[in-house]
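Source file work_6.cif; content: mmCIF, C-alpha atoms.
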data_data
#
loop_
_atom_site.label_atom_id
_atom_site.label_comp_id
_atom_site.auth_asym_id
_atom_site.auth_seq_id
_atom_site.Cartn_x
_atom_site.Cartn_y
_atom_site.Cartn_z
CA MET A 84 8.52 -7.41 23.84
CA ASP A 85 7.42 -4.31 25.70
CA LYS A 86 10.11 -2.29 24.01
CA GLU A 87 8.84 -3.52 20.67
CA LYS A 88 5.36 -2.22 21.38
CA THR A 89 6.50 1.30 22.19
CA PRO A 90 9.63 2.02 20.16
CA LYS A 91 11.40 5.32 20.62
CA ALA A 92 10.36 7.66 17.83
CA GLY A 93 12.51 10.73 18.45
CA ILE A 94 11.69 14.29 17.54
CA LEU A 95 13.07 13.83 14.02
CA GLY A 96 10.58 11.04 13.40
CA TYR A 97 7.66 13.26 14.36
CA VAL A 98 8.98 16.10 12.22
CA ALA A 99 9.41 13.72 9.26
CA PHE A 100 5.91 12.29 9.71
CA PHE A 101 4.38 15.75 10.00
CA PHE A 102 6.35 16.86 6.93
CA ALA A 103 4.99 13.90 4.94
CA ILE A 104 1.42 14.79 5.94
CA ILE A 105 1.95 18.38 4.74
CA LEU A 106 3.60 17.27 1.51
CA PHE A 107 0.86 14.82 0.51
CA SER A 108 -2.03 16.90 1.85
CA GLY A 109 -1.72 19.45 -0.93
CA ILE A 110 -2.47 22.34 1.43
CA PHE A 111 0.31 24.39 -0.18
CA ALA A 112 -0.60 23.32 -3.73
CA ASN A 113 -1.99 26.73 -4.63
CA ALA A 114 0.35 28.84 -2.50
CA ASP A 115 1.85 31.71 -4.47
CA SER A 116 4.98 31.93 -2.34
CA TRP A 117 7.94 29.58 -1.94
CA LEU A 118 5.69 27.53 0.40
CA ARG A 119 4.45 25.58 -2.60
CA VAL A 120 7.77 23.72 -2.44
CA PHE A 121 6.00 21.71 0.30
CA ASP A 122 3.57 20.19 -2.18
CA PHE A 123 3.97 16.80 -3.80
CA ASN A 124 2.60 17.87 -7.17
CA THR A 125 4.88 20.93 -7.28
CA LEU A 126 7.88 18.66 -6.72
CA ASN A 127 6.58 16.19 -9.27
CA GLY A 128 6.49 19.06 -11.78
CA SER A 129 5.32 18.70 -15.35
CA PHE A 130 6.47 17.41 -18.70
CA GLY A 131 7.36 19.89 -21.40
CA THR A 132 5.05 20.18 -24.36
CA ILE A 133 5.47 19.36 -28.04
CA THR A 134 3.54 21.27 -30.67
CA ASP A 135 1.49 19.37 -33.23
CA ALA A 136 0.90 20.38 -36.86
CA ALA A 137 -2.02 22.58 -35.88
CA GLY A 138 0.14 24.39 -33.34
CA LYS A 139 -1.59 22.74 -30.37
CA ALA A 140 0.66 21.98 -27.40
CA LEU A 141 0.73 18.31 -26.40
CA THR A 142 2.66 16.38 -23.76
CA PHE A 143 4.97 13.68 -25.10
CA ARG A 144 2.14 11.19 -24.66
CA GLY A 145 0.42 12.87 -27.59
CA ALA A 146 -3.28 12.68 -28.29
CA ASN A 147 -5.75 10.11 -29.63
CA GLY A 148 -3.62 7.06 -28.85
CA ALA A 149 -5.25 3.75 -27.90
CA GLY A 150 -4.54 0.25 -26.63
CA ALA A 151 -1.28 -1.17 -25.28
CA ARG A 152 0.93 1.44 -26.97
CA ASP A 153 -0.99 4.36 -25.49
CA GLY A 154 -1.06 2.54 -22.14
CA PHE A 155 2.71 2.07 -22.25
CA ILE A 156 3.42 5.75 -22.82
CA PHE A 157 0.80 6.72 -20.23
CA ALA A 158 2.48 4.39 -17.70
CA ILE A 159 5.89 5.97 -18.48
CA THR A 160 4.42 9.39 -17.63
CA LEU A 161 3.33 8.05 -14.22
CA ILE A 162 6.60 6.46 -13.14
CA PRO A 163 8.31 9.71 -11.98
CA ALA A 164 5.51 10.25 -9.43
CA VAL A 165 5.90 6.70 -8.12
CA ILE A 166 9.69 7.09 -7.83
CA LEU A 167 9.35 10.47 -6.10
CA ALA A 168 6.61 9.29 -3.72
CA LEU A 169 8.39 6.10 -2.66
CA GLY A 170 11.68 8.01 -2.30
CA ILE A 171 9.97 10.42 0.09
CA VAL A 172 8.21 7.62 1.98
CA ASN A 173 11.55 5.83 2.47
CA VAL A 174 13.19 9.00 3.81
CA VAL A 175 10.31 9.51 6.24
CA ASP A 176 10.53 5.87 7.30
CA GLY A 177 14.32 6.02 7.69
CA LEU A 178 14.09 9.12 9.90
CA GLY A 179 11.71 7.30 12.23
CA GLY A 180 8.48 8.71 10.81
CA MET A 181 6.72 5.33 10.80
CA ARG A 182 7.69 4.81 14.45
CA ALA A 183 6.23 8.23 15.23
CA ALA A 184 3.06 7.20 13.39
CA GLN A 185 2.98 3.99 15.38
CA ARG A 186 3.31 5.81 18.69
CA MET A 187 0.55 8.21 17.72
CA MET A 188 -1.74 5.51 16.36
CA THR A 189 -1.34 2.78 18.99
CA PRO A 190 -3.53 4.49 21.61
CA ILE A 191 -6.12 5.28 18.92
CA LEU A 192 -6.25 1.87 17.24
CA LYS A 193 -6.58 -0.18 20.42
CA PRO A 194 -9.95 1.22 21.57
CA LEU A 195 -11.21 1.64 18.00
CA LEU A 196 -10.57 -1.97 16.99
CA GLY A 197 -11.00 -3.69 20.35
CA ILE A 198 -7.92 -5.86 19.82
CA PRO A 199 -4.74 -6.11 21.94
CA GLY A 200 -2.12 -3.36 21.58
CA ALA A 201 0.39 -6.01 20.49
CA THR A 202 -1.19 -5.88 17.04
CA ALA A 203 -0.24 -2.20 16.58
CA LEU A 204 3.18 -2.95 15.08
CA ALA A 205 1.64 -5.33 12.51
CA ASN A 206 -1.08 -2.82 11.69
CA ILE A 207 1.45 -0.06 11.09
CA ALA A 208 3.60 -2.42 8.99
CA ASN A 209 0.41 -2.93 6.95
CA LEU A 210 0.68 0.70 5.79
CA GLN A 211 3.65 -0.40 3.68
CA SER A 212 3.50 -4.15 3.18
CA THR A 213 0.71 -6.73 2.90
CA ASP A 214 2.84 -9.84 3.39
CA ALA A 215 5.16 -8.68 6.16
CA ALA A 216 2.21 -7.43 8.22
CA ALA A 217 0.22 -10.65 7.71
CA GLY A 218 3.30 -12.64 8.76
CA MET A 219 3.48 -10.62 11.97
CA VAL A 220 -0.19 -11.40 12.70
CA LYS A 221 0.50 -15.12 12.31
CA GLU A 222 3.40 -14.80 14.74
CA LEU A 223 1.16 -13.04 17.28
CA TYR A 224 -1.37 -15.87 17.03
CA ASP A 225 1.28 -18.57 17.26
CA ASN A 226 2.64 -16.84 20.40
CA LYS A 227 -0.92 -16.82 21.80
CA GLU A 228 -0.95 -13.03 22.06
CA ILE A 229 -4.20 -12.88 20.10
CA ASN A 230 -6.97 -15.44 19.66
CA ASP A 231 -8.72 -16.63 16.52
CA THR A 232 -11.38 -13.89 16.58
CA GLU A 233 -8.83 -11.14 17.24
CA ARG A 234 -6.72 -12.43 14.37
CA SER A 235 -9.68 -12.20 11.99
CA ILE A 236 -10.50 -8.65 13.15
CA THR A 237 -6.85 -7.64 12.69
CA ILE A 238 -6.79 -9.17 9.22
CA MET A 239 -10.07 -7.45 8.32
CA TYR A 240 -8.34 -4.16 9.18
CA GLN A 241 -5.31 -5.18 7.11
CA THR A 242 -6.73 -6.71 3.93
CA SER A 243 -9.08 -3.84 3.02
CA ALA A 244 -6.75 -1.25 1.46
CA SER A 245 -3.72 -3.38 2.33
CA ALA A 246 -0.24 -1.83 2.08
CA THR A 247 -2.15 1.44 1.93
CA VAL A 248 0.74 3.86 1.39
CA THR A 249 2.71 1.67 -1.05
CA ASN A 250 -0.29 0.71 -3.16
CA TYR A 251 -1.79 4.19 -3.20
CA PHE A 252 1.45 5.89 -4.23
CA GLY A 253 2.45 2.95 -6.43
CA SER A 254 -0.63 2.98 -8.67
CA GLY A 255 -2.60 6.05 -7.61
CA PRO A 256 -0.53 8.35 -9.87
CA ALA A 257 -2.74 6.98 -12.68
CA VAL A 258 -5.57 9.11 -11.27
CA PHE A 259 -3.75 11.76 -9.18
CA GLY A 260 -3.71 14.24 -12.04
CA PHE A 261 -7.48 14.04 -12.50
CA MET A 262 -8.65 14.09 -8.88
CA VAL A 263 -10.43 17.16 -7.55
CA CYS A 264 -9.42 16.63 -3.91
CA PRO A 265 -6.11 16.69 -1.99
CA LEU A 266 -4.05 13.52 -2.43
CA ILE A 267 -4.37 12.75 1.28
CA LEU A 268 -8.20 12.67 1.36
CA PRO A 269 -8.63 9.19 -0.21
CA ILE A 270 -6.00 7.82 2.23
CA LEU A 271 -7.92 9.23 5.20
CA VAL A 272 -11.16 7.70 3.89
CA MET A 273 -9.41 4.34 3.41
CA PHE A 274 -8.05 4.48 6.94
CA ALA A 275 -11.51 5.28 8.32
CA PHE A 276 -13.06 2.36 6.44
CA LYS A 277 -10.31 -0.04 7.53
CA ILE A 278 -11.44 0.72 11.08
CA ILE A 279 -15.17 0.64 10.22
CA GLY A 280 -14.75 -2.68 8.37
CA ALA A 281 -12.89 -4.25 11.30
CA ASN A 282 -15.74 -3.21 13.56
CA MET A 283 -18.34 -4.66 11.20
CA LEU A 284 -16.52 -8.00 11.44
CA ARG A 285 -16.23 -7.58 15.20
CA VAL A 286 -20.01 -7.20 15.48
CA TYR A 287 -20.62 -10.06 13.04
CA LEU A 288 -18.32 -12.46 14.91
CA LYS A 289 -19.88 -11.54 18.23
CA PHE A 290 -23.31 -12.33 16.79
CA VAL A 291 -22.14 -15.61 15.21
CA SER A 292 -20.31 -16.88 18.30
CA ARG A 293 -23.34 -16.11 20.47
CA LYS A 294 -25.52 -18.07 18.07
CA GLN A 295 -23.07 -20.96 18.17
CA SER A 296 -22.93 -21.03 21.96
CA THR A 297 -26.72 -21.23 22.17
CA GLY A 298 -26.71 -24.01 19.61
CA GLY A 299 -28.36 -21.93 16.92
CA ALA A 300 -25.54 -22.15 14.39
CA GLU A 301 -25.50 -24.17 11.16
CA MET B 278 12.51 -9.21 16.17
CA GLU B 279 14.15 -7.00 18.75
CA ALA B 280 17.64 -7.90 17.62
CA LYS B 281 16.65 -7.05 14.07
CA GLU B 282 15.26 -3.71 15.13
CA ASN B 283 18.36 -2.87 17.13
CA ALA B 284 20.51 -3.78 14.17
CA ALA B 285 18.40 -1.53 11.99
CA ALA B 286 18.70 1.28 14.52
CA ALA B 287 22.46 0.83 14.74
CA SER B 288 22.89 0.94 10.98
CA ALA B 289 20.42 3.80 10.53
CA PRO B 290 22.83 6.71 11.14
CA LYS B 291 25.10 5.43 8.36
CA LYS B 292 22.40 6.13 5.77
CA THR B 293 22.02 9.77 4.83
CA ILE B 294 18.74 11.27 3.69
CA LEU B 295 20.07 11.10 0.15
CA ASP B 296 20.79 7.37 0.50
CA LEU B 297 17.31 6.81 1.87
CA PHE B 298 15.72 8.73 -0.99
CA VAL B 299 17.65 6.84 -3.64
CA GLU B 300 16.83 3.52 -1.99
CA GLY B 301 13.11 4.38 -1.97
CA ALA B 302 13.30 5.80 -5.48
CA ARG B 303 14.83 2.52 -6.65
CA SER B 304 11.91 0.57 -5.24
CA GLY B 305 9.64 3.15 -6.90
CA TRP B 306 11.27 2.34 -10.23
CA THR B 307 10.82 -1.39 -9.59
CA ILE B 308 7.16 -0.96 -8.63
CA GLY B 309 6.60 1.44 -11.52
CA THR B 310 8.07 -0.83 -14.16
CA THR B 311 7.14 -4.27 -12.82
CA SER B 312 3.71 -3.52 -11.33
CA LEU B 313 2.24 -0.22 -12.47
CA LEU B 314 3.26 -0.42 -16.13
CA PRO B 315 1.98 -3.97 -16.82
CA ASN B 316 -1.22 -3.16 -14.92
CA VAL B 317 -1.80 0.03 -16.91
CA ILE B 318 -1.28 -1.81 -20.19
CA MET B 319 -3.67 -4.55 -19.04
CA ALA B 320 -6.28 -1.91 -18.19
CA PHE B 321 -5.86 -0.11 -21.52
CA VAL B 322 -6.20 -3.39 -23.41
CA ILE B 323 -9.26 -4.48 -21.36
CA ILE B 324 -10.98 -1.17 -22.07
CA ARG B 325 -10.05 -1.35 -25.76
CA VAL B 326 -11.41 -4.89 -26.07
CA LEU B 327 -14.61 -3.93 -24.23
CA ASP B 328 -14.93 -0.81 -26.36
CA ILE B 329 -14.41 -2.45 -29.77
CA THR B 330 -16.70 -5.39 -28.96
CA GLY B 331 -19.42 -3.04 -27.78
CA LEU B 332 -19.38 -4.69 -24.33
CA LEU B 333 -18.41 -1.44 -22.63
CA HIS B 334 -21.55 0.18 -23.98
CA LEU B 335 -23.59 -2.86 -22.89
CA ILE B 336 -22.07 -2.77 -19.37
CA GLY B 337 -22.88 0.93 -19.30
CA VAL B 338 -26.53 0.28 -20.11
CA VAL B 339 -27.00 -2.79 -17.91
CA PHE B 340 -25.32 -1.36 -14.81
CA SER B 341 -26.54 2.19 -15.13
CA PRO B 342 -29.61 1.73 -12.83
CA VAL B 343 -27.47 0.16 -10.08
CA MET B 344 -24.49 2.50 -10.41
CA ALA B 345 -26.84 5.47 -10.43
CA LEU B 346 -27.36 4.82 -6.71
CA TRP B 347 -23.74 5.90 -6.28
CA GLY B 348 -24.02 8.75 -8.75
CA LEU B 349 -21.90 6.83 -11.27
CA PRO B 350 -22.41 5.81 -14.91
CA GLY B 351 -22.87 2.09 -15.68
CA GLU B 352 -19.34 1.86 -17.13
CA ALA B 353 -17.93 2.50 -13.63
CA ALA B 354 -18.84 -1.13 -12.84
CA THR B 355 -15.71 -2.12 -14.83
CA VAL B 356 -13.57 -0.27 -12.26
CA ILE B 357 -15.11 -2.22 -9.38
CA VAL B 358 -14.86 -5.57 -11.17
CA THR B 359 -11.20 -4.91 -12.07
CA SER B 360 -10.45 -4.05 -8.43
CA PHE B 361 -11.18 -7.70 -7.53
CA MET B 362 -8.04 -8.61 -9.49
CA SER B 363 -5.75 -5.62 -9.35
CA MET B 364 -5.63 -2.26 -7.59
CA GLY B 365 -3.32 -0.77 -10.23
CA GLY B 366 -5.49 -2.15 -13.02
CA ALA B 367 -8.64 -0.65 -11.48
CA ALA B 368 -6.96 2.75 -11.02
CA SER B 369 -5.90 2.67 -14.68
CA VAL B 370 -9.38 1.61 -15.86
CA ALA B 371 -10.79 4.57 -13.92
CA ALA B 372 -8.19 6.88 -15.54
CA THR B 373 -9.06 5.51 -19.00
CA LEU B 374 -12.79 6.02 -18.47
CA PHE B 375 -12.05 9.56 -17.30
CA MET B 376 -9.93 10.33 -20.37
CA ASP B 377 -12.68 8.92 -22.60
CA GLY B 378 -15.11 11.31 -20.93
CA LYS B 379 -17.17 8.53 -19.30
CA LEU B 380 -16.40 9.70 -15.76
CA ASP B 381 -16.30 13.30 -14.55
CA PRO B 382 -13.61 14.44 -12.07
CA ILE B 383 -15.98 14.08 -9.08
CA GLN B 384 -17.02 10.57 -10.09
CA LEU B 385 -13.39 9.56 -10.64
CA SER B 386 -12.29 10.96 -7.27
CA SER B 387 -15.18 9.25 -5.46
CA LEU B 388 -14.04 5.84 -6.79
CA VAL B 389 -10.42 6.11 -5.63
CA PRO B 390 -10.60 4.81 -2.01
CA GLY B 391 -12.87 1.94 -3.08
CA ILE B 392 -10.30 0.67 -5.59
CA TYR B 393 -7.97 -0.02 -2.67
CA LEU B 394 -10.55 -0.92 -0.03
CA MET B 395 -11.66 -3.93 -2.10
CA GLY B 396 -8.28 -5.30 -1.03
CA ASN B 397 -7.51 -7.13 -4.26
CA PRO B 398 -9.16 -10.41 -3.11
CA VAL B 399 -7.70 -12.51 -5.93
CA GLN B 400 -4.22 -11.92 -4.47
CA ASN B 401 -4.96 -11.15 -0.84
CA ILE B 402 -6.75 -14.44 -0.11
CA GLY B 403 -3.31 -16.01 -0.49
CA ARG B 404 -1.22 -13.13 0.74
CA CYS B 405 -3.05 -11.46 3.63
CA LEU B 406 -5.57 -14.07 4.77
CA GLY B 407 -3.43 -17.08 3.88
CA ILE B 408 -0.13 -15.92 5.38
CA SER B 409 -1.77 -14.92 8.68
CA GLY B 410 -3.52 -18.31 8.90
CA THR B 411 -6.92 -16.66 9.31
CA ASN B 412 -9.80 -19.05 10.08
CA THR B 413 -11.21 -20.03 6.68
CA LYS B 414 -14.75 -19.78 8.14
CA HIS B 415 -14.17 -16.02 8.32
CA TYR B 416 -13.05 -15.63 4.68
CA VAL B 417 -16.51 -14.93 3.28
CA PRO B 418 -17.49 -12.30 5.88
CA ILE B 419 -14.08 -10.60 5.44
CA LEU B 420 -14.54 -10.40 1.66
CA VAL B 421 -18.15 -9.26 1.95
CA ILE B 422 -17.20 -6.51 4.41
CA SER B 423 -14.39 -5.37 2.08
CA PHE B 424 -17.04 -4.98 -0.63
CA ILE B 425 -19.37 -3.12 1.76
CA ASN B 426 -16.41 -0.82 2.55
CA VAL B 427 -16.11 -0.07 -1.17
CA LEU B 428 -19.80 0.76 -1.60
CA LEU B 429 -19.95 2.96 1.52
CA SER B 430 -16.68 4.73 0.70
CA ILE B 431 -18.05 5.99 -2.64
CA TRP B 432 -20.95 7.69 -0.86
CA VAL B 433 -18.65 9.14 1.81
CA MET B 434 -16.28 10.48 -0.86
CA ARG B 435 -19.24 12.07 -2.68
CA LEU B 436 -20.17 13.87 0.52
CA LEU B 437 -16.61 14.99 1.26
CA LEU B 438 -16.11 16.12 -2.34
CA LEU B 439 -18.92 18.62 -1.93
CA VAL B 440 -16.38 20.61 0.09
CA PHE B 441 -13.94 20.73 -2.85
CA ASP B 442 -16.48 21.22 -5.60
#

Show me, as structure tokens, the structure contained in the file I just sent.
Amino acid sequence: MDKEKTPKAGILGYVAFFFAIILFSGIFANADSWLRVFDFNTLNGSFGTITDAAGKALTFRGANGAGARDGFIFAITLIPAVILALGIVNVVDGLGGMRAAQRMMTPILKPLLGIPGATALANIANLQSTDAAAGMVKELYDNKEINDTERSITIMYQTSASATVTNYFGSGPAVFGFMVCPLILPILVMFAFKIIGANMLRVYLKFVSRKQSTGGAE
Amino acid sequence: MEAKENAAAASAPKKTILDLFVEGARSGWTIGTTSLLPNVIMAFVIIRVLDITGLLHLIGVVFSPVMALWGLPGEAATVIVTSFMSMGGAASVAATLFMDGKLDPIQLSSLVPGIYLMGNPVQNIGRCLGISGTNTKHYVPILVISFINVLLSIWVMRLLLLVFD
């Protein structure tokens, strides 16, 4: 079990994780040089334009559409970004990037959430999958590695912005093109609030259990 | 678990970066077509129905005093309500409102983390809370805190966006 808690990440994993941060941070989005190749939106590129009768350039989605038909074409324009993002995420994962993230985050998460380090693997899995991570939490409880309160705090961390990376890159492309901040900023805010939320529950449960032990509950 | 991980480690070198990319891209296609696309269409239809019936305007008027606290127009309430059911749907509703000129780029950006922080309670009560066997007594506080996360995150995003404005 100890090995499971601190898996070997390898230098490649760290490089891959760092590379992913750069790519999604957008810091090279406006670079004039070849460095802009390290930007997600540069790699995602753009659709060509079609000229309308008035000579105005439109994307193939056109203008003034509405309803399901407009939604369908809009969704089609988003799918390349989802394919590209999840392709990149899988490469980073396959090179050990998620293990590198786990190694870097374990010492941070433990004091911040006040729950046993054994939950780190489940909480990292939660970056990519809601169900797999929740299953791991159940296993931890069944093996008596965490108690009822610790399970709830872990799940509070997990359910708010669950499967963060997959959901954000799976549906976020709907708004990516209109956002005025780097793609990575909302993810960082989500991560911060996952931790803040878990601590709100931690305080709440402490308060409730104290009330119960003094007979003040219900 | 450990055996599974070792097996994964042993088979890892066989997959090249190209294989990994294609594998991830394939799941991107699946998510794009089976999750994103239906959710976007749902959002477009919801907004169209609300628009034609005049409900969108009504929501805008009714919620405008409350949403003003977050620097948002009343219509933005539809994004938050949709996020109870679907993250992808809420993101698409936000995109639609932006394209209709009801949200400005700052307002749209400030809503993004909240869409996910709500944690899609309609699904996650079964998936996240249910699968883990979480104490049902803690369900309500967990959902309430998710909602508090949403409300606080909009303010925090507003502050952070000042840097990019």

Nearest to Gly309 in chain B, chosen from A:Val165, A:Val291, A:Ala215, A:Thr189, with all atoms listed in the file counted in the distances: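 Looking at the shortest contact to Gly309 in chain B, the residue is A:Val165.
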
Could you write out as a PyMOL selection string the residues that the PyMOL selection byres ((chain A) within 7 of (chain B)) matches in the shown file? chain A and resi 87+150-151+154-155+158+162+165-167+169-171+173-174+177+213-214+217-218+220-221+231+234-235+238-239+242-245+253-255+257-258+261-264+269-270+272-273+276+280+284

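Residue nearest Tyr97 in chain A, chosen from A:Met181, A:Ile279, A:Met219, A:Leu210 and counting only C-alpha atoms: A:Met181.
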
Give me the result of the PyMOL selection byres ((chain A and resi 104) around 12) on this file, residue by residue, as a PyMOL selection string. chain A and resi 97-103+105-111+121-123+171-172+175+180-181+184+248+265-268+270-271

Quick one: residues within 9 Å of Phe340 in chain B, all atoms listed in the file counted, chain neighbours fewer than 3 positions away excluded, as a list in words?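 The filter keeps Leu335, Ile336, Gly337, Val343, Met344, Ala345, Pro350, Gly351, Glu352, Ala353 and Ala354 of chain B.
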
Pairwise distance, CA of Ala140 in chain A with CA of Thr125 in chain A, equals 20.6 Å

Only all heavy atoms, as an mmCIF file, in the first residue's frame: that is what I want for range 284-293 of chain A.
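Below you can see result25.cif, which holds the result:
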data_model
loop_
_atom_site.group_PDB
_atom_site.id
_atom_site.type_symbol
_atom_site.label_atom_id
_atom_site.label_comp_id
_atom_site.auth_asym_id
_atom_site.auth_seq_id
_atom_site.Cartn_x
_atom_site.Cartn_y
_atom_site.Cartn_z
ATOM 1 N N LEU A 284 -16.874 22.200 5.024
ATOM 2 C CA LEU A 284 -17.558 21.015 5.555
ATOM 3 C C LEU A 284 -16.855 20.516 6.818
ATOM 4 O O LEU A 284 -17.503 20.091 7.772
ATOM 5 C CB LEU A 284 -17.618 19.897 4.506
ATOM 6 C CG LEU A 284 -18.487 18.711 4.947
ATOM 7 C CD1 LEU A 284 -19.961 19.069 4.900
ATOM 8 C CD2 LEU A 284 -18.213 17.480 4.122
ATOM 9 N N ARG A 285 -15.538 20.603 6.794
ATOM 10 C CA ARG A 285 -14.731 20.174 7.941
ATOM 11 C C ARG A 285 -15.145 20.957 9.187
ATOM 12 O O ARG A 285 -15.373 20.377 10.252
ATOM 13 C CB ARG A 285 -13.276 20.472 7.589
ATOM 14 C CG ARG A 285 -12.235 19.831 8.429
ATOM 15 C CD ARG A 285 -10.909 20.171 7.767
ATOM 16 N NE ARG A 285 -9.792 20.073 8.671
ATOM 17 C CZ ARG A 285 -8.587 20.536 8.362
ATOM 18 N NH1 ARG A 285 -8.361 21.122 7.191
ATOM 19 N NH2 ARG A 285 -7.602 20.411 9.212
ATOM 20 N N VAL A 286 -15.272 22.275 9.037
ATOM 21 C CA VAL A 286 -15.672 23.132 10.157
ATOM 22 C C VAL A 286 -17.103 22.804 10.576
ATOM 23 O O VAL A 286 -17.406 22.656 11.764
ATOM 24 C CB VAL A 286 -15.557 24.625 9.755
ATOM 25 C CG1 VAL A 286 -16.183 25.522 10.806
ATOM 26 C CG2 VAL A 286 -14.101 24.989 9.518
ATOM 27 N N TYR A 287 -17.982 22.647 9.569
ATOM 28 C CA TYR A 287 -19.385 22.349 9.858
ATOM 29 C C TYR A 287 -19.514 21.040 10.640
ATOM 30 O O TYR A 287 -20.220 20.969 11.642
ATOM 31 C CB TYR A 287 -20.172 22.268 8.541
ATOM 32 C CG TYR A 287 -21.577 21.735 8.704
ATOM 33 C CD1 TYR A 287 -22.622 22.574 9.091
ATOM 34 C CD2 TYR A 287 -21.854 20.388 8.474
ATOM 35 C CE1 TYR A 287 -23.901 22.076 9.256
ATOM 36 C CE2 TYR A 287 -23.136 19.879 8.639
ATOM 37 C CZ TYR A 287 -24.159 20.724 9.029
ATOM 38 O OH TYR A 287 -25.425 20.231 9.194
ATOM 39 N N LEU A 288 -18.815 20.003 10.182
ATOM 40 C CA LEU A 288 -18.934 18.692 10.833
ATOM 41 C C LEU A 288 -18.359 18.717 12.243
ATOM 42 O O LEU A 288 -18.855 18.040 13.134
ATOM 43 C CB LEU A 288 -18.253 17.605 9.986
ATOM 44 C CG LEU A 288 -18.947 17.272 8.658
ATOM 45 C CD1 LEU A 288 -18.158 16.230 7.890
ATOM 46 C CD2 LEU A 288 -20.384 16.806 8.886
ATOM 47 N N LYS A 289 -17.329 19.500 12.428
ATOM 48 C CA LYS A 289 -16.736 19.629 13.764
ATOM 49 C C LYS A 289 -17.765 20.248 14.715
ATOM 50 O O LYS A 289 -17.970 19.795 15.819
ATOM 51 C CB LYS A 289 -15.497 20.529 13.670
ATOM 52 C CG LYS A 289 -14.497 20.297 14.785
ATOM 53 C CD LYS A 289 -13.221 21.067 14.528
ATOM 54 C CE LYS A 289 -12.032 20.146 14.364
ATOM 55 N NZ LYS A 289 -10.810 20.882 14.023
ATOM 56 N N PHE A 290 -18.435 21.279 14.228
ATOM 57 C CA PHE A 290 -19.448 21.996 14.985
ATOM 58 C C PHE A 290 -20.615 21.076 15.315
ATOM 59 O O PHE A 290 -21.068 21.006 16.447
ATOM 60 C CB PHE A 290 -19.903 23.207 14.167
ATOM 61 C CG PHE A 290 -21.018 23.986 14.789
ATOM 62 C CD1 PHE A 290 -20.795 24.752 15.927
ATOM 63 C CD2 PHE A 290 -22.289 23.969 14.227
ATOM 64 C CE1 PHE A 290 -21.830 25.475 16.495
ATOM 65 C CE2 PHE A 290 -23.322 24.686 14.792
ATOM 66 C CZ PHE A 290 -23.096 25.443 15.930
ATOM 67 N N VAL A 291 -21.086 20.322 14.285
ATOM 68 C CA VAL A 291 -22.236 19.439 14.471
ATOM 69 C C VAL A 291 -21.901 18.315 15.435
ATOM 70 O O VAL A 291 -22.664 18.018 16.348
ATOM 71 C CB VAL A 291 -22.691 18.853 13.107
ATOM 72 C CG1 VAL A 291 -23.669 17.709 13.308
ATOM 73 C CG2 VAL A 291 -23.322 19.949 12.277
ATOM 74 N N SER A 292 -20.732 17.695 15.288
ATOM 75 C CA SER A 292 -20.412 16.557 16.147
ATOM 76 C C SER A 292 -20.221 17.018 17.590
ATOM 77 O O SER A 292 -20.526 16.297 18.527
ATOM 78 C CB SER A 292 -19.167 15.833 15.640
ATOM 79 O OG SER A 292 -18.054 16.684 15.715
ATOM 80 N N ARG A 293 -19.735 18.251 17.784
ATOM 81 C CA ARG A 293 -19.589 18.756 19.146
ATOM 82 C C ARG A 293 -20.969 18.951 19.771
ATOM 83 O O ARG A 293 -21.217 18.625 20.899
ATOM 84 C CB ARG A 293 -18.806 20.070 19.152
ATOM 85 C CG ARG A 293 -18.313 20.432 20.568
ATOM 86 C CD ARG A 293 -17.763 21.837 20.645
ATOM 87 N NE ARG A 293 -16.692 22.055 19.699
ATOM 88 C CZ ARG A 293 -16.438 23.241 19.134
ATOM 89 N NH1 ARG A 293 -17.193 24.284 19.419
ATOM 90 N NH2 ARG A 293 -15.456 23.378 18.294
#
